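Student: Provided herewith is a single structure, encoded as C-alpha cells, for subsequent inquiry.
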Number of protein chains: 2
Amino acid sequence: MKDILPFETVALNDEDSALVIVDQTKLPNEAEILRLKELPDIRNAIRTLQVRGAPAIGVAAAFGLYLAVKHSEARTFEAFAAELKAAKDSLNTARPTAVNLSWALNRMEKAAHRYQDKPVARIIKLLHEECMAIYEEDILMCRRIGEHGLRLLKDGDGILTHCNAGQLATSKYGTALSPVHLGRERGMNFRVYADETRPLLQGARLTAFELMAGGMDVTVICDNMASQVMKNGWVQAVLVGCDRVAKNGDVCNKIGTSALAILAKHYGIPFYVLGPSSTIDMSIETGEDIPIEQRAAEEVTTLWYQKPMAPEGVQVYNPAFDVTPNALVTAIITERGILRPPYSEALAADFSVITPKNTP
Amino acid sequence: MKDILPFETVALNDEDSALVIVDQTKLPNEAEILRLKELPDIRNAIRTLQVRGAPAIGVAAAFGLYLAVKHSEARTFEAFAAELKAAKDSLNTARPTAVNLSWALNRMEKAAHRYQDKPVARIIKLLHEECMAIYEEDILMCRRIGEHGLRLLKDGDGILTHCNAGQLATSKYGTALSPVHLGRERGMNFRVYADETRPLLQGARLTAFELMAGGMDVTVICDNMASQVMKNGWVQAVLVGCDRVAKNGDVCNKIGTSALAILAKHYGIPFYVLGPSSTIDMSIETGEDIPIEQRAAEEVTTLWYQKPMAPEGVQVYNPAFDVTPNALVTAIITERGILRPPYSEALAADFSVITPKNTP
C-alpha cells in the first residue's frame, strides 16, 4: 500500500533519541512535526491528544518508555527497574481509558524483567527491539484487521464512522478505516460519512483529512445527523474503533459510539467494531467496569469564534468515552478474524487458542 | 410569571415602526437589541437566525408584514393586496421548514382580504391588531403548553432537551421549556440536560443562557453524549419542540431530534413533543412530505478557533431538521392538551373539534 499521508503518525528516531509525531491538535490546518525527547513532553503529548488513538498511544508510550531509560546510568538491574517503573507510572496515567497504553508499557517492563540477568546496556538494546516490535506488529495487525473487515463490505457501500480510527490513530492503515484504505487500493470505492465527533472534532479534522489525502469520498456530518443519514439509506455499515473491549464484548469507544449502535440497530444497519486484540481486556468482565475519562468543560464550551460558546460558568458533562453493550455489536473484528455473538464464548474461545498479549 | 430574560425575544415597537429582537447569533456573549424597519432586514434576520424558533419566527413575520405595509400609499385594495403579497412572498421564503412562518403570513393576508371593503388605512389598523393577536396568542399558547406539559413531570425530574424551544424561540415561556419555567415558578426543581445542538449550538448558547438566567439547574452536553446521560439514569423525560408536525404525528424538528427519540425508546424514557397547534400541518400526510432545509457547509466546518475545522473543500451534509416517526413519540402536547397515539386519530379528532387556524 502506498503511503496515505506525507508523514508518519508515530515514529522513533533512535539516532536523535526522539519520538516523532505530527501534532494532531493542529490538523487539518497545519501538519507540525514534533520531536519529543523528554518524558514530560511525551506524557504531555499523550495527555493533550497531540498523539491519540488507542494503538498509536500504545506505540508512542512504548517508544517513550524506551527513550526514558535509553541513557540510564543505572549500574544494577534494581536501579534500572526502578527508573523504568517511575517512567512507566508517569506515562500510564496520561490517559485513563485506553488499554493499549498500559498494555504496551507492561509489555516493555516485562521484557526488561525477562532480561534482568543481562547488563543494563543490553537490556536497553532489547527494549529498543521490543518497542520496534510493538510498532511493527501494530502495522501488521491493522493490515490484517483491514483484510478481515473488507470481507464484510462490498464495492460502493456507504460507511459511517465516528472519531478517527484510521492511519492517524495507529502506526499505519488504521483499524476501523483499514478496510476502507485496503479496499481503495484494490479499486473499490466507498462513500464515507465522518461524524465530526464533538467535542474535539477528530472526525472533521482527522478522518476527513486522512480520507481526502487518500483520494476518498468523504462527507463530514455533525454527530446528530447520523440518524438522518442512516434513514436516507446512505449507510450500509457502521465501522468504529475501540479503546477497550470487555470480556463479554461490551465496547468502550469515543463518546457517541453507543448512540450510533442504537441508531444502527433501529435502522437495521450492521455495526462493526474493529481493533487489535490487545484492545480486548479479558481482565474486565463487562463495560460497567471500564473507567470513563471525564475531560475538561472548556473542550465543550470554548470553540465559538474564540469566544465562549456557552454562558460563563455553565455546568458541563464531558465524558470522553461511552460503553456500547455487546447486544448492539454485530461483529468484532480483530487481526485474528471476525468474532460474532455471543461474545463471552467467542472471546473466550479466541483467547484460549492464542496466548493473549495483554494478560499477565 | 416574572420575566425570565431582561429583554423580549420578539416585539413590535409601533411608534418607532420597528421589529425589536435580540440578535440570537451573538448570544450568550452579547445581548444586542436590533430595531429592524426595512423588509430586507427583517427577512434577513429570519434567514440568518437572528430570530429563530418556529413560534417566534411566525410572530416576527407577522410584525414584519405589518411593518412592510404600514406606510402604504396604495389607493385601492388591489394595489394594497399586491404590496402585501410581495412582502409576504419575500418573508415566506426566508426559511423553508417552519410552518408557523407561512401560517402567520397567511393569517395576516386573510385578515386583509376579510376587510377588503374598508379603506386601506383601516385595513392597516386591523393588520396591527391581527399581528398583536398572533403575538398575544403565542404567549397564551405557550403558557397552556406549559400547564399541560407539567402534568407529565414530577419534581426533581431530569429533562433532556435539544436545540432551544424556550423563551428565546417564542414570544414568551417557550414550548418544550414552558413546563420547566412554570414548574420553577411553582417551586419545582428540574435538572435540565441541554444538547449543545450542532452546528449552530442553540442549546449551548441559548437554552443554557435562558435557563441560567432563570436560576435553573442546566448542564450542557455534546449531542453525542445524550446516550450516556440516558444510560446513567439521569433523564426522566425528553422534551423537544417542533417545527412542523404532519397529520399522522410525524415530527419535524431540529436535526438530531430523531436520534434522541430512538435513544429514548431504547432506554425506555418518554419522548414528548411540545408545540402550538399551529405547528400541526393537517395538509401534510406524513413526515416524508416535509421539505428539509439544507444549510451551508460553513456552518459545520468553520468554528475551530476561527480556522477551518475540516479540510478545505470537504463535502458536508448539513440538514437543519430531521423527521421523527410518530411511532417514537410518546405524546404531543399543544395548548389544547396532551395527544397520545395513534396520532392520525388523535389529531383528526382534535382538529375536528376546533377550527384549525392553519388550514385555508
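In the C-alpha cells, the first chain shown is A, the next is B, and so on; residue numbers restart at 1 for each chain, and ligands run from 1 in the order shown.
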Please provide as number ranges by chain all residues within 6 Å of segment 15-24 of chain A, with the sequence filter that same-chain residues fewer than 4 positions apart are discarded (counting only C-alpha atoms).
Tutor: A: 9-11, 32-37, 50
Student: For the residues in the current selection, export all heavy atoms as a PDB file, in the first residue's frame.
Tutor:
```
ATOM      1  N   THR A   9       2.380   8.780  11.602  1.00  0.00           N
ATOM      2  CA  THR A   9       1.612   9.188  12.781  1.00  0.00           C
ATOM      3  C   THR A   9       2.485   9.159  14.029  1.00  0.00           C
ATOM      4  O   THR A   9       2.465  10.065  14.843  1.00  0.00           O
ATOM      5  CB  THR A   9       0.408   8.242  12.968  1.00  0.00           C
ATOM      6  OG1 THR A   9      -0.408   8.331  11.805  1.00  0.00           O
ATOM      7  CG2 THR A   9      -0.408   8.618  14.192  1.00  0.00           C
ATOM      8  N   VAL A  10       3.278   8.080  14.131  1.00  0.00           N
ATOM      9  CA  VAL A  10       4.140   7.917  15.306  1.00  0.00           C
ATOM     10  C   VAL A  10       5.389   7.151  14.859  1.00  0.00           C
ATOM     11  O   VAL A  10       5.291   6.149  14.163  1.00  0.00           O
ATOM     12  CB  VAL A  10       3.391   7.192  16.453  1.00  0.00           C
ATOM     13  CG1 VAL A  10       2.793   5.874  16.012  1.00  0.00           C
ATOM     14  CG2 VAL A  10       4.257   7.016  17.678  1.00  0.00           C
ATOM     15  N   ALA A  11       6.560   7.679  15.213  1.00  0.00           N
ATOM     16  CA  ALA A  11       7.806   7.033  14.795  1.00  0.00           C
ATOM     17  C   ALA A  11       8.885   7.279  15.836  1.00  0.00           C
ATOM     18  O   ALA A  11       8.796   8.222  16.637  1.00  0.00           O
ATOM     19  CB  ALA A  11       8.258   7.572  13.436  1.00  0.00           C
ATOM     20  N   GLU A  32       2.278  20.038  11.892  1.00  0.00           N
ATOM     21  CA  GLU A  32       3.533  20.313  12.592  1.00  0.00           C
ATOM     22  C   GLU A  32       4.123  19.025  13.154  1.00  0.00           C
ATOM     23  O   GLU A  32       3.464  18.296  13.890  1.00  0.00           O
ATOM     24  CB  GLU A  32       3.287  21.310  13.739  1.00  0.00           C
ATOM     25  CG  GLU A  32       4.582  21.769  14.393  1.00  0.00           C
ATOM     26  CD  GLU A  32       4.346  22.641  15.622  1.00  0.00           C
ATOM     27  OE1 GLU A  32       3.263  23.253  15.740  1.00  0.00           O
ATOM     28  OE2 GLU A  32       5.243  22.713  16.471  1.00  0.00           O
ATOM     29  N   ILE A  33       5.376  18.756  12.791  1.00  0.00           N
ATOM     30  CA  ILE A  33       6.043  17.549  13.271  1.00  0.00           C
ATOM     31  C   ILE A  33       6.761  17.875  14.583  1.00  0.00           C
ATOM     32  O   ILE A  33       7.509  18.846  14.667  1.00  0.00           O
ATOM     33  CB  ILE A  33       7.075  17.047  12.223  1.00  0.00           C
ATOM     34  CG1 ILE A  33       6.402  16.824  10.859  1.00  0.00           C
ATOM     35  CG2 ILE A  33       7.758  15.774  12.719  1.00  0.00           C
ATOM     36  CD1 ILE A  33       5.291  15.803  10.854  1.00  0.00           C
ATOM     37  N   LEU A  34       6.469  17.056  15.615  1.00  0.00           N
ATOM     38  CA  LEU A  34       7.104  17.257  16.920  1.00  0.00           C
ATOM     39  C   LEU A  34       8.175  16.196  17.131  1.00  0.00           C
ATOM     40  O   LEU A  34       7.960  15.021  16.823  1.00  0.00           O
ATOM     41  CB  LEU A  34       6.063  17.153  18.041  1.00  0.00           C
ATOM     42  CG  LEU A  34       4.854  18.094  17.980  1.00  0.00           C
ATOM     43  CD1 LEU A  34       3.911  17.817  19.155  1.00  0.00           C
ATOM     44  CD2 LEU A  34       5.306  19.553  17.983  1.00  0.00           C
ATOM     45  N   ARG A  35       9.323  16.622  17.631  1.00  0.00           N
ATOM     46  CA  ARG A  35      10.383  15.675  18.009  1.00  0.00           C
ATOM     47  C   ARG A  35      10.552  15.763  19.517  1.00  0.00           C
ATOM     48  O   ARG A  35      11.107  16.734  20.025  1.00  0.00           O
ATOM     49  CB  ARG A  35      11.692  16.014  17.281  1.00  0.00           C
ATOM     50  CG  ARG A  35      11.626  15.677  15.808  1.00  0.00           C
ATOM     51  CD  ARG A  35      12.786  16.179  14.981  1.00  0.00           C
ATOM     52  NE  ARG A  35      12.476  15.934  13.571  1.00  0.00           N
ATOM     53  CZ  ARG A  35      11.671  16.718  12.827  1.00  0.00           C
ATOM     54  NH1 ARG A  35      11.131  17.794  13.359  1.00  0.00           N
ATOM     55  NH2 ARG A  35      11.422  16.405  11.564  1.00  0.00           N
ATOM     56  N   LEU A  36      10.040  14.765  20.237  1.00  0.00           N
ATOM     57  CA  LEU A  36       9.974  14.845  21.695  1.00  0.00           C
ATOM     58  C   LEU A  36      11.021  13.937  22.315  1.00  0.00           C
ATOM     59  O   LEU A  36      11.076  12.742  22.038  1.00  0.00           O
ATOM     60  CB  LEU A  36       8.571  14.444  22.168  1.00  0.00           C
ATOM     61  CG  LEU A  36       7.409  15.210  21.497  1.00  0.00           C
ATOM     62  CD1 LEU A  36       6.070  14.631  21.923  1.00  0.00           C
ATOM     63  CD2 LEU A  36       7.488  16.698  21.808  1.00  0.00           C
ATOM     64  N   LYS A  37      11.837  14.511  23.191  1.00  0.00           N
ATOM     65  CA  LYS A  37      12.936  13.751  23.790  1.00  0.00           C
ATOM     66  C   LYS A  37      12.758  13.538  25.289  1.00  0.00           C
ATOM     67  O   LYS A  37      13.343  12.618  25.850  1.00  0.00           O
ATOM     68  CB  LYS A  37      14.252  14.500  23.543  1.00  0.00           C
ATOM     69  CG  LYS A  37      14.544  14.715  22.059  1.00  0.00           C
ATOM     70  CD  LYS A  37      15.896  15.353  21.858  1.00  0.00           C
ATOM     71  CE  LYS A  37      16.186  15.444  20.359  1.00  0.00           C
ATOM     72  NZ  LYS A  37      17.597  15.718  20.085  1.00  0.00           N
ATOM     73  N   GLN A  50      -2.040  15.239  21.337  1.00  0.00           N
ATOM     74  CA  GLN A  50      -1.174  15.510  20.176  1.00  0.00           C
ATOM     75  C   GLN A  50      -0.929  14.200  19.436  1.00  0.00           C
ATOM     76  O   GLN A  50      -0.811  14.179  18.216  1.00  0.00           O
ATOM     77  CB  GLN A  50       0.152  16.130  20.626  1.00  0.00           C
ATOM     78  CG  GLN A  50      -0.027  17.564  21.121  1.00  0.00           C
ATOM     79  CD  GLN A  50       1.260  18.163  21.637  1.00  0.00           C
ATOM     80  OE1 GLN A  50       2.061  17.498  22.288  1.00  0.00           O
ATOM     81  NE2 GLN A  50       1.459  19.440  21.349  1.00  0.00           N
TER      82      GLN A  50
END
```
Student: Considering only C-alpha atoms, give me a table of residues in segment 228-341 of chain B that are at most 9 Å from segment 150-163 of chain B, with the closest atom pair and distance in Å for each, as a tab-separated table.
Tutor:
```
residue	atom	partner	partner_atom	distance
B:Val229	CA	B:Leu160	CA	8.8
B:Met230	CA	B:Leu160	CA	8.6
B:Gly233	CA	B:Gly158	CA	8.7
B:Trp234	CA	B:Gly158	CA	5.6
B:Val235	CA	B:Gly158	CA	4.5
B:Gln236	CA	B:Gly158	CA	5.2
B:Ala237	CA	B:Ile159	CA	5.1
B:Val238	CA	B:Leu160	CA	4.8
B:Leu239	CA	B:Thr161	CA	5.2
B:Val240	CA	B:Thr161	CA	5.6
B:Gly241	CA	B:His162	CA	8.2
B:Lys254	CA	B:Cys163	CA	6.7
B:Ile255	CA	B:Cys163	CA	8.8
B:Gly256	CA	B:His162	CA	7.9
B:Thr257	CA	B:His162	CA	7.0
B:Leu260	CA	B:His162	CA	8.5
```
Student: Which residue, B:Gly64, B:Gly203, B:Pro276, B:Gly174, has the smallest gap to chain A when you use only C-alpha atoms?
Tutor: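 Closest candidate: B:Gly203.
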Student: Could you check the closest approach to Ala297 of chain A for each of B:Ser227, B:Asn326, B:Thr219, B:Ser72 and tell me which residue wins, using only C-alpha atoms?
Tutor: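 Answer, going by the shortest atom-to-atom distance: B:Thr219.
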Student: With distances taken over only C-alpha atoms, which residue among B:Leu39, B:Cys131, B:Ile145, B:Val99 lies nearest Asn253 of chain B?
Tutor: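 Result for the nearest residue to Asn253 of chain B: B:Val99.
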Student: Can you tell me how far atom CA of Cys242 of chain B sits from atom CA of Thr25 of chain B, in Å to one decimal?
Tutor: 20.3 Å
Student: Could you write out, as a ChimeraX atom specification, all the residues of segment 74-302 of chain B that DSSP marks as alpha helix (DSSP H)?
Tutor: /B:77-92,99-114,120-150,178-185,202,208-213,226-231,257-267,298-301
Student: DSSP on the backbone: what in segment 22-189 of chain B comes out strand (DSSP E or B), as a ChimeraX atom specification?
Tutor: /B:22,33-36,158-161,166,174
Student: Tell me, as a list in words, which residues lie within 10 Å of Leu347 of chain B, counting only C-alpha atoms; anything in the same chain fewer than 6 positions away does not count.
Tutor: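 Those residues are Ala246, Lys247, Asn248, Gly249, Ser277, Ile280, Met282, Ile332, Leu339, Arg340 and Pro341 of chain B.
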Student: Generate the output file for the selected residues, all heavy atoms, as an mmCIF file, in the first residue's frame.
Tutor:
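The new file part-v4.cif reads:
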```cif
data_model
loop_
_atom_site.group_PDB
_atom_site.id
_atom_site.type_symbol
_atom_site.label_atom_id
_atom_site.label_comp_id
_atom_site.auth_asym_id
_atom_site.auth_seq_id
_atom_site.Cartn_x
_atom_site.Cartn_y
_atom_site.Cartn_z
ATOM 1 N N ALA B 246 -46.762 16.502 10.990
ATOM 2 C CA ALA B 246 -47.651 16.045 9.920
ATOM 3 C C ALA B 246 -48.941 15.487 10.517
ATOM 4 O O ALA B 246 -49.036 15.231 11.716
ATOM 5 C CB ALA B 246 -46.961 14.994 9.065
ATOM 6 N N LYS B 247 -49.902 15.299 9.641
ATOM 7 C CA LYS B 247 -51.224 14.796 10.030
ATOM 8 C C LYS B 247 -51.152 13.477 10.795
ATOM 9 O O LYS B 247 -52.000 13.179 11.632
ATOM 10 C CB LYS B 247 -52.012 14.602 8.728
ATOM 11 C CG LYS B 247 -53.491 14.450 8.854
ATOM 12 C CD LYS B 247 -54.073 14.376 7.430
ATOM 13 C CE LYS B 247 -55.533 13.996 7.438
ATOM 14 N NZ LYS B 247 -56.046 13.872 6.048
ATOM 15 N N ASN B 248 -50.129 12.669 10.476
ATOM 16 C CA ASN B 248 -50.003 11.364 11.140
ATOM 17 C C ASN B 248 -49.153 11.422 12.405
ATOM 18 O O ASN B 248 -48.850 10.392 13.008
ATOM 19 C CB ASN B 248 -49.409 10.328 10.168
ATOM 20 C CG ASN B 248 -47.924 10.542 9.919
ATOM 21 O OD1 ASN B 248 -47.404 11.636 10.171
ATOM 22 N ND2 ASN B 248 -47.244 9.523 9.426
ATOM 23 N N GLY B 249 -48.700 12.625 12.787
ATOM 24 C CA GLY B 249 -47.917 12.746 14.009
ATOM 25 C C GLY B 249 -46.415 12.707 13.804
ATOM 26 O O GLY B 249 -45.662 12.856 14.779
ATOM 27 N N SER B 277 -50.563 24.364 18.381
ATOM 28 C CA SER B 277 -51.280 23.572 17.391
ATOM 29 C C SER B 277 -51.081 24.132 15.981
ATOM 30 O O SER B 277 -51.259 23.419 15.005
ATOM 31 C CB SER B 277 -52.772 23.503 17.738
ATOM 32 O OG SER B 277 -53.300 24.807 17.813
ATOM 33 N N ILE B 280 -48.975 22.056 13.763
ATOM 34 C CA ILE B 280 -49.505 20.832 13.155
ATOM 35 C C ILE B 280 -50.084 21.180 11.791
ATOM 36 O O ILE B 280 -50.951 22.039 11.674
ATOM 37 C CB ILE B 280 -50.576 20.203 14.066
ATOM 38 C CG1 ILE B 280 -49.913 19.795 15.398
ATOM 39 C CG2 ILE B 280 -51.214 18.999 13.371
ATOM 40 C CD1 ILE B 280 -50.907 19.444 16.480
ATOM 41 N N MET B 282 -52.093 19.912 8.970
ATOM 42 C CA MET B 282 -53.017 18.851 8.567
ATOM 43 C C MET B 282 -53.047 18.672 7.045
ATOM 44 O O MET B 282 -53.659 17.730 6.541
ATOM 45 C CB MET B 282 -54.425 19.135 9.105
ATOM 46 C CG MET B 282 -54.534 19.092 10.629
ATOM 47 S SD MET B 282 -54.177 17.479 11.382
ATOM 48 C CE MET B 282 -55.757 16.634 11.114
ATOM 49 N N ILE B 332 -47.810 14.176 22.110
ATOM 50 C CA ILE B 332 -47.655 15.509 21.533
ATOM 51 C C ILE B 332 -48.486 16.452 22.398
ATOM 52 O O ILE B 332 -49.676 16.206 22.626
ATOM 53 C CB ILE B 332 -48.133 15.562 20.068
ATOM 54 C CG1 ILE B 332 -47.251 14.661 19.189
ATOM 55 C CG2 ILE B 332 -48.106 17.006 19.538
ATOM 56 C CD1 ILE B 332 -47.728 14.545 17.736
ATOM 57 N N LEU B 339 -51.903 14.829 23.447
ATOM 58 C CA LEU B 339 -52.356 13.852 22.454
ATOM 59 C C LEU B 339 -51.499 12.604 22.551
ATOM 60 O O LEU B 339 -50.273 12.690 22.653
ATOM 61 C CB LEU B 339 -52.251 14.449 21.042
ATOM 62 C CG LEU B 339 -53.103 15.695 20.787
ATOM 63 C CD1 LEU B 339 -52.733 16.317 19.445
ATOM 64 C CD2 LEU B 339 -54.582 15.330 20.811
ATOM 65 N N ARG B 340 -52.154 11.449 22.489
ATOM 66 C CA ARG B 340 -51.441 10.170 22.560
ATOM 67 C C ARG B 340 -51.663 9.402 21.258
ATOM 68 O O ARG B 340 -52.634 9.641 20.556
ATOM 69 C CB ARG B 340 -51.997 9.334 23.730
ATOM 70 C CG ARG B 340 -51.862 9.979 25.089
ATOM 71 C CD ARG B 340 -50.499 9.742 25.700
ATOM 72 N NE ARG B 340 -50.405 10.244 27.068
ATOM 73 C CZ ARG B 340 -49.291 10.135 27.801
ATOM 74 N NH1 ARG B 340 -48.218 9.548 27.320
ATOM 75 N NH2 ARG B 340 -49.254 10.618 29.029
ATOM 76 N N PRO B 341 -50.812 8.439 20.948
ATOM 77 C CA PRO B 341 -51.004 7.639 19.735
ATOM 78 C C PRO B 341 -52.318 6.851 19.810
ATOM 79 O O PRO B 341 -52.769 6.553 20.922
ATOM 80 C CB PRO B 341 -49.816 6.678 19.726
ATOM 81 C CG PRO B 341 -48.883 7.171 20.782
ATOM 82 C CD PRO B 341 -49.659 8.039 21.720
#
```
Student: In Å to one decimal, how far is atom CA of Thr330 of chain A from atom CA of Val192 of chain A?
Tutor: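 We find that atom CA of Val192 of chain A and atom CA of Thr330 of chain A lie 19.1 Å from each other.
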Student: Taking only C-alpha atoms into account, which of A:Ser178, A:Gln294, A:Gln228, A:Thr334 comes nearest chain B?
Tutor: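 Answer, going by the shortest atom-to-atom distance: A:Gln228.
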Student: Using only C-alpha atoms, which residue out of A:His128, A:Arg205, A:Lys70, A:Arg122 lies closest to Ala31 of chain A?
Tutor: A:Arg205
Student: Can you pull out every residue within 9 Å of Val59 of chain A, counting only C-alpha atoms, but drop anything in the same chain fewer than 6 positions away, and send it as an MDAnalysis selection string?
Tutor: chainID A and resid 10:11 100:101 104 131:132 134:135 138 170:171
Student: Take the residues from that selection and write them out as an mmCIF file, in the first residue's frame, keeping N, CA, C and O atoms.
Tutor:
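That gives us result-v2.cif:
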```cif
data_model
loop_
_atom_site.group_PDB
_atom_site.id
_atom_site.type_symbol
_atom_site.label_atom_id
_atom_site.label_comp_id
_atom_site.auth_asym_id
_atom_site.auth_seq_id
_atom_site.Cartn_x
_atom_site.Cartn_y
_atom_site.Cartn_z
ATOM 1 N N VAL A 10 3.278 8.080 14.131
ATOM 2 C CA VAL A 10 4.140 7.917 15.306
ATOM 3 C C VAL A 10 5.389 7.151 14.859
ATOM 4 O O VAL A 10 5.291 6.149 14.163
ATOM 5 N N ALA A 11 6.560 7.679 15.213
ATOM 6 C CA ALA A 11 7.806 7.033 14.795
ATOM 7 C C ALA A 11 8.885 7.279 15.836
ATOM 8 O O ALA A 11 8.796 8.222 16.637
ATOM 9 N N ASN A 100 -4.464 -0.008 25.588
ATOM 10 C CA ASN A 100 -3.202 -0.190 24.872
ATOM 11 C C ASN A 100 -2.054 0.523 25.565
ATOM 12 O O ASN A 100 -0.900 0.106 25.464
ATOM 13 N N LEU A 101 -2.370 1.607 26.238
ATOM 14 C CA LEU A 101 -1.331 2.366 26.932
ATOM 15 C C LEU A 101 -0.667 1.482 27.981
ATOM 16 O O LEU A 101 0.548 1.254 27.946
ATOM 17 N N ALA A 104 1.065 -1.736 26.414
ATOM 18 C CA ALA A 104 2.385 -1.536 25.811
ATOM 19 C C ALA A 104 3.439 -1.321 26.896
ATOM 20 O O ALA A 104 4.550 -1.859 26.828
ATOM 21 N N CYS A 131 10.124 -2.253 21.589
ATOM 22 C CA CYS A 131 9.210 -1.171 21.171
ATOM 23 C C CYS A 131 9.079 -1.145 19.650
ATOM 24 O O CYS A 131 8.003 -0.850 19.120
ATOM 25 N N MET A 132 10.168 -1.494 18.946
ATOM 26 C CA MET A 132 10.052 -1.576 17.487
ATOM 27 C C MET A 132 9.128 -2.732 17.094
ATOM 28 O O MET A 132 8.377 -2.637 16.118
ATOM 29 N N ILE A 134 6.564 -3.768 18.882
ATOM 30 C CA ILE A 134 5.196 -3.276 19.134
ATOM 31 C C ILE A 134 4.721 -2.435 17.952
ATOM 32 O O ILE A 134 3.597 -2.579 17.460
ATOM 33 N N TYR A 135 5.611 -1.574 17.463
ATOM 34 C CA TYR A 135 5.298 -0.703 16.324
ATOM 35 C C TYR A 135 4.995 -1.542 15.076
ATOM 36 O O TYR A 135 3.970 -1.356 14.406
ATOM 37 N N ASP A 138 1.884 -3.531 15.237
ATOM 38 C CA ASP A 138 0.703 -2.682 15.092
ATOM 39 C C ASP A 138 0.361 -2.505 13.616
ATOM 40 O O ASP A 138 -0.804 -2.605 13.214
ATOM 41 N N THR A 170 -3.174 5.027 14.508
ATOM 42 C CA THR A 170 -2.351 3.818 14.584
ATOM 43 C C THR A 170 -0.992 4.114 13.948
ATOM 44 O O THR A 170 -0.740 5.224 13.479
ATOM 45 N N SER A 171 -0.151 3.100 13.903
ATOM 46 C CA SER A 171 1.133 3.283 13.225
ATOM 47 C C SER A 171 0.926 3.388 11.716
ATOM 48 O O SER A 171 1.654 4.082 11.021
#
```
Student: Give the answer as one residue: which of A:Glu298, A:Asp281, A:Glu78, A:Asp14 has the shortest atom-to-atom distance to Gln116 of chain A, using only C-alpha atoms?
Tutor: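 When distances to Gln116 of chain A are compared using only C-alpha atoms, the smallest one comes from A:Glu78.
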Student: Just to confirm, what's the straight-line distance from atom CA of Gly214 of chain B to atom CA of Leu5 of chain B in Å (one decimal)?
Tutor: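 Separating atom CA of Gly214 of chain B from atom CA of Leu5 of chain B is a distance of 7.4 Å.
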Student: Skipping near chain neighbours, those fewer than 2 positions away, what residues fall within 10 Å of Glu109 of chain B using only C-alpha atoms, listed as a list in words?
Tutor: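 Close residues of Glu109 of chain B: Ala62, Leu65, Tyr66, Ala81, Leu84, Lys85, Lys88, Trp103, Ala104, Leu105, Asn106, Arg107, Ala111, Ala112, His113, Arg114, Leu127 and Glu130 of chain B.
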